[in-house]
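Participant: What follows is upload_31.csv, CSV, C-alpha atoms.
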```csv
chain,number,residue,atom,x,y,z
A,1,MET,CA,0.0,0.0,0.0
A,2,ARG,CA,1.2,3.5,-0.9
A,3,ALA,CA,0.3,6.2,1.6
A,4,LEU,CA,0.3,10.0,1.7
A,5,VAL,CA,0.7,11.9,5.0
A,6,VAL,CA,-0.2,15.6,4.7
A,7,ARG,CA,1.1,18.3,7.1
A,8,LEU,CA,1.1,21.7,5.4
A,9,ASP,CA,2.4,23.9,8.3
A,10,SER,CA,5.8,24.9,9.6
A,11,PHE,CA,9.0,23.1,10.5
A,12,GLY,CA,7.9,22.3,14.1
A,13,ASP,CA,4.4,21.1,13.0
A,14,VAL,CA,6.0,18.6,10.6
A,15,LEU,CA,8.3,17.3,13.3
A,16,LEU,CA,5.2,16.7,15.5
A,17,ALA,CA,3.7,14.6,12.7
A,18,GLY,CA,6.7,12.4,12.8
A,19,PRO,CA,5.3,9.6,15.1
A,20,ALA,CA,2.2,9.4,12.9
A,21,VAL,CA,4.4,9.1,9.8
A,22,ARG,CA,6.2,6.1,11.4
A,23,ALA,CA,2.9,4.5,12.3
A,24,VAL,CA,1.7,4.7,8.7
A,25,ALA,CA,5.1,3.5,7.4
A,26,ALA,CA,4.9,0.4,9.6
A,27,ARG,CA,2.0,-0.8,7.5
A,28,CYS,CA,2.7,0.7,4.1
A,29,SER,CA,5.3,-0.1,1.4
A,30,HIS,CA,5.9,3.6,0.6
A,31,VAL,CA,5.1,6.9,2.4
A,32,THR,CA,5.0,10.3,0.7
A,33,VAL,CA,4.9,13.4,2.9
A,34,LEU,CA,3.1,16.4,1.4
A,35,CYS,CA,4.2,19.6,3.2
A,36,GLY,CA,4.7,23.3,2.8
A,37,PRO,CA,8.0,24.9,2.0
A,38,ARG,CA,8.6,25.8,5.7
A,39,GLY,CA,8.2,22.2,6.7
A,40,ALA,CA,10.2,20.5,3.9
A,41,ASP,CA,13.5,20.3,5.7
A,42,ALA,CA,11.8,18.7,8.7
A,43,ALA,CA,9.9,16.2,6.4
A,44,ARG,CA,13.2,15.1,4.9
A,45,MET,CA,14.5,14.2,8.3
A,46,LEU,CA,11.6,12.0,9.4
A,47,PRO,CA,12.1,8.3,9.7
A,48,GLY,CA,9.6,6.5,7.6
A,49,ALA,CA,9.2,9.2,4.9
A,50,ASP,CA,10.3,7.8,1.6
A,51,ASP,CA,9.4,10.8,-0.5
A,52,VAL,CA,8.6,14.5,0.1
A,53,LEU,CA,6.2,16.6,-2.1
A,54,VAL,CA,6.4,20.4,-1.4
A,55,TRP,CA,3.4,22.6,-2.1
A,56,GLU,CA,2.5,26.1,-0.7
A,57,ALA,CA,-1.2,26.0,0.2
A,58,PRO,CA,-3.1,29.2,-0.2
A,59,TRP,CA,-4.7,28.7,3.2
A,60,GLU,CA,-1.5,28.2,5.3
A,61,GLY,CA,1.3,30.5,6.6
A,62,PHE,CA,1.7,34.1,7.4
A,63,ASP,CA,1.7,35.3,3.7
A,64,PRO,CA,-0.1,32.6,1.7
A,65,PRO,CA,0.1,32.6,-2.1
A,66,PRO,CA,-2.8,33.4,-4.4
A,67,VAL,CA,-5.1,30.7,-5.7
A,68,THR,CA,-4.4,29.8,-9.3
A,69,ALA,CA,-5.8,27.0,-11.5
A,70,ALA,CA,-2.3,26.3,-12.8
A,71,ASP,CA,-0.9,25.8,-9.3
A,72,VAL,CA,-3.7,23.5,-8.3
A,73,GLU,CA,-3.5,21.5,-11.5
A,74,GLY,CA,0.3,21.1,-11.0
A,75,LEU,CA,-0.3,19.7,-7.5
A,76,LEU,CA,-3.0,17.3,-8.8
A,77,ASP,CA,-0.6,16.0,-11.5
A,78,ARG,CA,2.1,15.3,-8.8
A,79,LEU,CA,-0.4,13.6,-6.6
A,80,ARG,CA,-1.7,11.4,-9.4
A,81,ALA,CA,1.9,10.4,-10.2
A,82,ALA,CA,2.5,9.4,-6.6
A,83,ALA,CA,-0.3,6.9,-7.0
A,84,CYS,CA,-1.2,6.7,-3.3
A,85,ASP,CA,-3.9,4.3,-2.1
A,86,THR,CA,-4.7,6.2,1.1
A,87,ALA,CA,-4.1,9.6,2.7
A,88,LEU,CA,-3.8,10.9,6.3
A,89,VAL,CA,-4.4,14.7,6.5
A,90,LEU,CA,-3.0,16.2,9.7
A,91,THR,CA,-3.9,19.7,10.9
A,92,SER,CA,-3.8,21.7,14.0
A,93,PHE,CA,-6.8,21.8,16.3
A,94,HIS,CA,-8.0,25.1,14.8
A,95,GLN,CA,-7.6,24.1,11.1
A,96,SER,CA,-9.9,22.3,8.7
A,97,PRO,CA,-8.6,19.4,6.7
A,98,LEU,CA,-11.4,19.7,4.1
A,99,PRO,CA,-9.7,22.0,1.5
A,100,THR,CA,-6.8,19.5,1.4
A,101,ALA,CA,-9.2,16.5,1.3
A,102,LEU,CA,-11.0,18.0,-1.7
A,103,LEU,CA,-7.8,18.2,-3.7
A,104,LEU,CA,-6.9,14.7,-2.7
A,105,ARG,CA,-10.3,13.5,-3.9
A,106,LEU,CA,-9.7,15.3,-7.2
A,107,ALA,CA,-6.3,13.6,-7.5
A,108,GLY,CA,-8.1,10.2,-7.3
A,109,ILE,CA,-6.9,9.0,-3.8
A,110,PRO,CA,-9.6,6.5,-2.8
A,111,PHE,CA,-9.3,6.5,1.0
A,112,ILE,CA,-8.8,9.7,3.1
A,113,GLY,CA,-8.9,10.3,6.8
A,114,ALA,CA,-8.5,13.3,9.0
A,115,ASP,CA,-9.6,15.0,12.3
A,116,SER,CA,-12.5,17.2,11.3
A,117,VAL,CA,-15.0,19.3,13.3
A,118,ASP,CA,-16.8,20.3,10.1
A,119,HIS,CA,-19.1,17.8,8.4
A,120,PRO,CA,-17.0,16.3,5.6
A,121,GLY,CA,-19.7,15.1,3.2
A,122,ARG,CA,-17.9,12.7,0.8
A,123,LEU,CA,-14.5,14.2,1.3
A,124,LEU,CA,-13.4,11.9,4.2
A,125,ASP,CA,-13.8,8.2,4.6
A,126,VAL,CA,-12.6,8.4,8.2
A,127,ARG,CA,-13.7,11.4,10.2
A,128,HIS,CA,-11.9,11.3,13.6
A,129,ARG,CA,-12.7,13.7,16.5
A,130,ARG,CA,-9.8,14.5,18.7
A,131,GLN,CA,-9.9,14.5,22.5
A,132,GLU,CA,-10.1,17.9,24.1
A,133,GLY,CA,-6.6,19.3,25.0
A,134,ARG,CA,-4.7,16.5,23.3
A,135,HIS,CA,-1.1,17.3,22.4
A,136,GLU,CA,-0.6,17.8,18.7
A,137,ALA,CA,1.7,14.8,18.4
A,138,GLU,CA,-0.8,12.6,20.2
A,139,ALA,CA,-3.7,13.9,18.2
A,140,ALA,CA,-1.9,13.0,15.0
A,141,LEU,CA,-1.2,9.5,16.3
A,142,ASP,CA,-4.9,9.1,17.3
A,143,THR,CA,-6.0,10.0,13.8
A,144,ALA,CA,-3.5,7.6,12.3
A,145,ALA,CA,-4.8,4.8,14.6
A,146,ALA,CA,-8.4,5.6,13.6
A,147,MET,CA,-7.4,5.0,10.0
A,148,GLY,CA,-5.9,1.6,10.9
A,149,PHE,CA,-2.3,2.7,11.5
A,150,PRO,CA,-1.4,2.2,15.2
A,151,LEU,CA,2.2,2.6,16.3
A,152,PRO,CA,4.1,-0.6,15.9
A,153,PRO,CA,5.3,-2.6,19.0
A,154,GLY,CA,8.4,-1.1,20.4
A,155,ASP,CA,7.8,2.5,19.1
A,156,ASP,CA,7.5,4.8,22.1
A,157,GLY,CA,5.7,7.5,20.1
A,158,ARG,CA,8.3,10.2,20.8
A,159,LEU,CA,9.6,12.7,18.2
A,160,ARG,CA,12.5,11.4,16.2
A,161,VAL,CA,14.7,12.4,13.2
A,162,LEU,CA,17.3,10.6,11.2
A,163,PRO,CA,20.7,10.5,12.9
A,164,PRO,CA,22.3,13.9,12.7
A,165,PRO,CA,25.9,14.6,11.6
A,166,ASP,CA,28.9,15.2,14.0
A,167,THR,CA,28.9,19.0,14.7
A,168,GLY,CA,32.0,19.1,17.0
A,169,ALA,CA,33.8,21.4,14.6
A,170,LEU,CA,31.0,24.0,15.0
A,171,THR,CA,30.6,23.9,18.7
A,172,GLY,CA,34.1,23.1,20.0
A,173,ASN,CA,35.1,20.7,22.7
A,174,GLY,CA,33.4,20.2,26.0
A,175,PRO,CA,29.8,20.3,27.3
A,176,TYR,CA,27.6,23.2,26.4
A,177,VAL,CA,24.1,24.7,26.6
A,178,VAL,CA,22.2,26.0,23.6
A,179,LEU,CA,20.2,29.2,23.6
A,180,HIS,CA,18.0,29.8,20.6
A,181,PRO,CA,16.7,33.4,20.9
A,182,GLY,CA,14.5,33.6,17.8
A,183,ALA,CA,10.9,32.6,17.2
A,184,SER,CA,8.5,32.3,14.3
A,185,ALA,CA,6.4,35.1,15.7
A,186,PRO,CA,7.4,38.1,17.9
A,187,ALA,CA,4.8,37.3,20.4
A,188,ARG,CA,6.6,34.0,21.2
A,189,ALA,CA,10.1,35.4,21.6
A,190,TRP,CA,12.0,36.2,24.8
A,191,SER,CA,13.5,39.7,24.5
A,192,PRO,CA,17.1,40.0,23.3
A,193,HIS,CA,18.2,41.7,26.5
A,194,ARG,CA,16.8,38.8,28.6
A,195,CYS,CA,18.6,36.3,26.3
A,196,ALA,CA,21.9,38.2,26.7
A,197,GLU,CA,21.4,38.3,30.5
A,198,ALA,CA,20.9,34.5,30.5
A,199,VAL,CA,24.1,34.0,28.5
A,200,ALA,CA,26.1,36.1,31.0
A,201,LEU,CA,24.7,34.2,34.0
A,202,LEU,CA,25.2,30.8,32.4
A,203,THR,CA,28.8,31.7,31.5
A,204,ASP,CA,29.5,33.0,35.1
A,205,ALA,CA,28.1,29.7,36.4
A,206,GLY,CA,30.7,27.8,34.3
A,207,HIS,CA,28.6,26.7,31.3
A,208,ARG,CA,29.8,27.1,27.7
A,209,VAL,CA,26.9,28.6,25.7
A,210,VAL,CA,26.2,28.1,22.0
A,211,VAL,CA,23.7,30.6,20.4
A,212,THR,CA,21.8,29.4,17.3
A,213,GLY,CA,19.7,31.1,14.7
A,214,GLY,CA,18.8,31.1,11.1
A,215,PRO,CA,20.3,33.1,8.2
A,216,GLN,CA,17.8,36.0,8.9
A,217,GLU,CA,18.7,36.1,12.6
A,218,THR,CA,22.5,36.8,12.5
A,219,ALA,CA,22.1,40.3,14.0
A,220,LEU,CA,20.0,38.8,16.9
A,221,THR,CA,22.5,36.0,17.6
A,222,ARG,CA,25.4,38.4,17.5
A,223,GLU,CA,23.7,40.7,20.0
A,224,VAL,CA,22.8,37.8,22.3
A,225,ALA,CA,26.1,35.9,22.1
A,226,GLY,CA,28.3,39.0,22.5
A,227,CYS,CA,31.9,38.0,23.3
A,228,LEU,CA,30.8,35.3,25.8
A,229,ALA,CA,29.1,32.6,23.6
A,230,VAL,CA,29.7,30.7,20.4
A,231,ASP,CA,27.6,32.4,17.8
A,232,LEU,CA,26.2,29.9,15.2
A,233,GLY,CA,23.7,32.3,13.7
A,234,GLY,CA,23.3,31.5,10.0
A,235,ARG,CA,25.9,28.8,10.2
A,236,THR,CA,23.7,25.7,10.5
A,237,THR,CA,21.5,23.7,8.2
A,238,PRO,CA,18.5,22.0,9.8
A,239,ARG,CA,20.5,18.7,9.9
A,240,THR,CA,23.6,20.3,11.5
A,241,LEU,CA,21.3,22.2,13.9
A,242,ALA,CA,19.9,18.8,14.9
A,243,GLY,CA,23.5,17.7,15.6
A,244,VAL,CA,24.2,20.8,17.7
A,245,LEU,CA,21.1,20.3,19.8
A,246,HIS,CA,21.7,16.6,20.2
A,247,LEU,CA,25.0,17.1,22.0
A,248,ALA,CA,23.8,19.9,24.2
A,249,ASP,CA,23.2,19.4,27.9
A,250,ALA,CA,20.0,21.5,27.6
A,251,VAL,CA,18.3,23.7,25.1
A,252,ILE,CA,16.7,27.1,25.9
A,253,SER,CA,14.1,28.1,23.4
A,254,ALA,CA,10.8,29.8,22.8
A,255,ASN,CA,7.9,27.9,21.3
A,256,THR,CA,9.4,27.5,17.8
A,257,GLY,CA,10.8,24.8,15.5
A,258,PRO,CA,14.2,24.2,17.3
A,259,ALA,CA,12.4,23.4,20.5
A,260,HIS,CA,10.7,20.5,18.8
A,261,LEU,CA,13.9,19.6,17.0
A,262,ALA,CA,15.6,19.4,20.5
A,263,ALA,CA,12.8,17.1,21.6
A,264,ALA,CA,13.3,15.0,18.4
A,265,VAL,CA,17.0,14.4,19.3
A,266,GLY,CA,16.2,13.7,23.0
A,267,THR,CA,17.6,16.9,24.6
A,268,PRO,CA,15.9,18.5,27.6
A,269,VAL,CA,14.3,21.9,27.0
A,270,VAL,CA,13.8,25.0,29.0
A,271,SER,CA,10.7,26.2,27.2
A,272,LEU,CA,10.0,30.0,27.2
A,273,PHE,CA,6.4,29.5,26.3
A,274,ALA,CA,4.2,32.4,25.5
A,275,PRO,CA,0.5,31.3,26.1
A,276,VAL,CA,-0.8,32.7,22.8
A,277,VAL,CA,-1.3,29.0,22.0
A,278,PRO,CA,-1.8,26.3,24.7
A,279,ALA,CA,1.2,24.7,26.1
A,280,GLY,CA,-0.7,21.4,26.6
A,281,ARG,CA,-0.9,21.1,22.8
A,282,TRP,CA,2.4,22.6,21.7
A,283,ALA,CA,5.1,22.2,24.5
A,284,PRO,CA,8.2,20.1,23.6
A,285,TYR,CA,7.0,16.6,23.5
A,286,GLY,CA,8.5,13.5,25.1
A,287,VAL,CA,11.6,15.0,26.8
A,288,PRO,CA,12.2,16.5,30.2
A,289,THR,CA,10.9,20.1,30.0
A,290,ILE,CA,10.6,23.1,32.3
A,291,LEU,CA,8.0,25.5,31.2
A,292,LEU,CA,8.6,29.2,31.9
A,293,GLY,CA,6.2,32.0,31.2
A,294,ASP,CA,2.9,33.1,32.7
A,295,GLN,CA,0.4,30.7,31.1
A,296,SER,CA,-2.6,32.7,32.5
A,297,ALA,CA,-1.5,36.1,31.0
A,298,PRO,CA,-4.1,38.2,29.1
A,299,CYS,CA,-2.7,37.1,25.7
A,300,ALA,CA,-3.6,33.4,26.5
A,301,ASP,CA,-5.1,31.5,23.5
A,302,THR,CA,-5.2,34.6,21.3
A,303,ARG,CA,-2.9,33.1,18.7
A,304,ALA,CA,-1.4,36.6,18.4
A,305,LEU,CA,1.7,37.0,16.2
A,306,THR,CA,2.6,40.3,18.0
A,307,CYS,CA,2.2,40.6,21.7
A,308,PRO,CA,-1.1,42.5,22.5
A,309,VAL,CA,0.0,43.4,26.0
A,310,PRO,CA,2.5,46.3,26.6
A,311,GLY,CA,5.8,45.1,27.9
A,312,HIS,CA,5.3,41.4,26.8
A,313,PRO,CA,4.9,40.4,30.5
A,314,CYS,CA,4.1,36.8,29.9
A,315,LEU,CA,7.8,36.2,28.9
A,316,ASP,CA,9.8,39.2,29.8
A,317,GLU,CA,9.0,38.8,33.5
A,318,VAL,CA,11.1,35.6,33.2
A,319,THR,CA,14.6,36.4,34.3
A,320,GLY,CA,18.0,35.1,33.4
A,321,GLN,CA,18.2,33.6,37.0
A,322,ASP,CA,15.0,31.7,36.3
A,323,VAL,CA,16.5,30.2,33.2
A,324,LEU,CA,19.8,29.4,35.0
A,325,ARG,CA,17.9,27.5,37.8
A,326,ALA,CA,15.9,25.6,35.2
A,327,VAL,CA,19.1,24.6,33.3
A,328,HIS,CA,20.7,23.4,36.5
A,329,LYS,CA,17.6,21.3,37.4
A,330,LEU,CA,17.4,19.7,34.0
A,331,ILE,CA,21.2,18.8,34.0
A,332,GLN,CA,21.0,17.4,37.5
A,333,GLU,CA,18.0,15.2,36.6
A,334,ARG,CA,19.7,14.1,33.4
A,335,HIS,CA,22.8,12.9,35.2
A,336,SER,CA,21.2,11.6,38.3
```
Before we go any further, please render this structure as structure tokens.

Facilitator:
Amino acid sequence: MRALVVRLDSFGDVLLAGPAVRAVAARCSHVTVLCGPRGADAARMLPGADDVLVWEAPWEGFDPPPVTAADVEGLLDRLRAAACDTALVLTSFHQSPLPTALLLRLAGIPFIGADSVDHPGRLLDVRHRRQEGRHEAEAALDTAAAMGFPLPPGDDGRLRVLPPPDTGALTGNGPYVVLHPGASAPARAWSPHRCAEAVALLTDAGHRVVVTGGPQETALTREVAGCLAVDLGGRTTPRTLAGVLHLADAVISANTGPAHLAAAVGTPVVSLFAPVVPAGRWAPYGVPTILLGDQSAPCADTRALTCPVPGHPCLDEVTGQDVLRAVHKLIQERHS
């Protein structure tokens, strides 16, 4: 059986779909992952994914593309060529799978399942309803199981990626802690001055600190690292970032892709979690995690991209000392 797993969101969202991809792969001869451009690198790192199709959906992302007949026909041609027998459509709790399901029907996929609040008509063969408050990784697994794809025996259901490369040449010798100061939305980020404060305190406490960031975040990582930390801003690919995170004693990150990548390589996370989305659904999954940030702040559940509360109190009231204590606790637990 040839299967399609669809997750059209960002890098971290695709990583959270990883356990469901493995569940499907355990019972299928070939698994294709259909994802958006922001999630493509994550999809290529997932065990069980044999092929990756990339398509930018006009209903996803911060700046979705226009709807054009040529674009849709191009996707349908690629889906027909993939010749899938079944499709699992994964979405967040606030998204509808039905636009995707309609395209999959038009592409001739005969058996389609998804988690759907909306009545699907003939678009879905399996309409799953998720449990309230279920973590996104667990909700995806539940939907896969409803389609007849339970996790195979011996699979613990945690996030996982293909083995990362050796990154010692980037990080240098000796133990270290990673601080990732960026985030996919400003409302989710810890302020640069707080990040720099944490770097100074961690260094004073005897930790080597590695600061990571993407190509568009080099000014931020340079500011945060200063002369105290190793600045890897713009110097890692997703695969090498996985290697950097894998060898860290702990990772400090907002609710953004690298936090989920840290979980996928088994590294504990100090999660600076803005409550604009629920931590119960989006916190790092399956690894020791200390959650910092006021989860009852006025911005809770707003899904805001920019903080609607002056001063960003949900995160900026977290201090560098709070982070230092959390790092020490995670390291002690890891080595006890």

Participant: Mind pulling up the distance from CA of Pro153 in chain A to CA of Ala279 in chain A?

Facilitator: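 Separation between CA of Ala279 in chain A and CA of Pro153 in chain A: 28.5 Å.
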
Participant: Interatomic distance between CA of Cys35 in chain A and CA of Arg158 in chain A?

Facilitator: 20.4 Å

Participant: Please report the interatomic distance between CA of Pro310 in chain A and CA of Val251 in chain A in Å with one decimal.

Facilitator: 27.6 Å

Participant: Can you pull out the residues contacting Val24 in chain A? Cut-off 10 Å, using only C-alpha atoms, and skip same-chain residues under 6 positions away; I want them as a list in words.

Facilitator: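 These residues fall inside the cut-off: Arg2, Ala3, Leu4, Val5, His30, Val31, Gly48, Ala49, Ala87, Leu88, Leu141, Ala144, Ala145, Met147, Gly148, Phe149, Pro150, Leu151 and Pro152 of chain A.
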
Participant: Taking all atoms listed in the file into account, name the residue in A:Val117, A:Ala200, A:Val276, A:Leu220 that is nearest to Gly320 in chain A.

Facilitator: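 Checking each candidate against Gly320 in chain A, we get A:Ala200 as the closest.
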
Participant: Between A:Asp301, A:Ser116, A:Val89, A:Leu15, single out the one closest to Leu104 in chain A, counting only C-alpha atoms.

Facilitator: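 Smallest distance to Leu104 in chain A is found for A:Val89.
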
Participant: Taking into account all atoms listed in the file, which residue in the set A:Val177, A:Leu159, A:Ala139, A:Ala146 is nearest to Ala263 in chain A?

Facilitator: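 Smallest distance to Ala263 in chain A is found for A:Leu159.
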
Participant: Could you pull the residues within 10 Å of Leu102 in chain A, counting only C-alpha atoms, minus those fewer than 2 positions along the same chain, as a PDB file with C-alpha atoms, in the frame of the given file?

Facilitator:
```
ATOM      1  CA  PRO A  97      -8.600  19.400   6.700  1.00  0.00           C
ATOM      2  CA  LEU A  98     -11.400  19.700   4.100  1.00  0.00           C
ATOM      3  CA  PRO A  99      -9.700  22.000   1.500  1.00  0.00           C
ATOM      4  CA  THR A 100      -6.800  19.500   1.400  1.00  0.00           C
ATOM      5  CA  LEU A 104      -6.900  14.700  -2.700  1.00  0.00           C
ATOM      6  CA  ARG A 105     -10.300  13.500  -3.900  1.00  0.00           C
ATOM      7  CA  LEU A 106      -9.700  15.300  -7.200  1.00  0.00           C
ATOM      8  CA  ALA A 107      -6.300  13.600  -7.500  1.00  0.00           C
ATOM      9  CA  ILE A 112      -8.800   9.700   3.100  1.00  0.00           C
ATOM     10  CA  PRO A 120     -17.000  16.300   5.600  1.00  0.00           C
ATOM     11  CA  ARG A 122     -17.900  12.700   0.800  1.00  0.00           C
ATOM     12  CA  LEU A 123     -14.500  14.200   1.300  1.00  0.00           C
ATOM     13  CA  LEU A 124     -13.400  11.900   4.200  1.00  0.00           C
TER      14      LEU A 124
END
```

Participant: Quick one: of A:Val21, A:Ala187, A:Leu261, A:Ile252, who's nearest to Pro308 in chain A, counting all atoms listed in the file?

Facilitator: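 Ranking A:Val21, A:Ala187, A:Leu261, A:Ile252 by distance to Pro308 in chain A, first place goes to A:Ala187.
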
Participant: For Leu201 in chain A, find every residue with an atom within 12 Å (counting only C-alpha atoms), except residues of its own chain fewer than 6 positions away, and show them as a list in words.

Facilitator: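 Counting only the stated atoms, we get Arg194, Cys195, His207, Arg208, Val209, Leu228, Ala229, Thr319, Gly320, Gln321, Asp322, Val323, Leu324, Arg325, Val327 and His328 of chain A.
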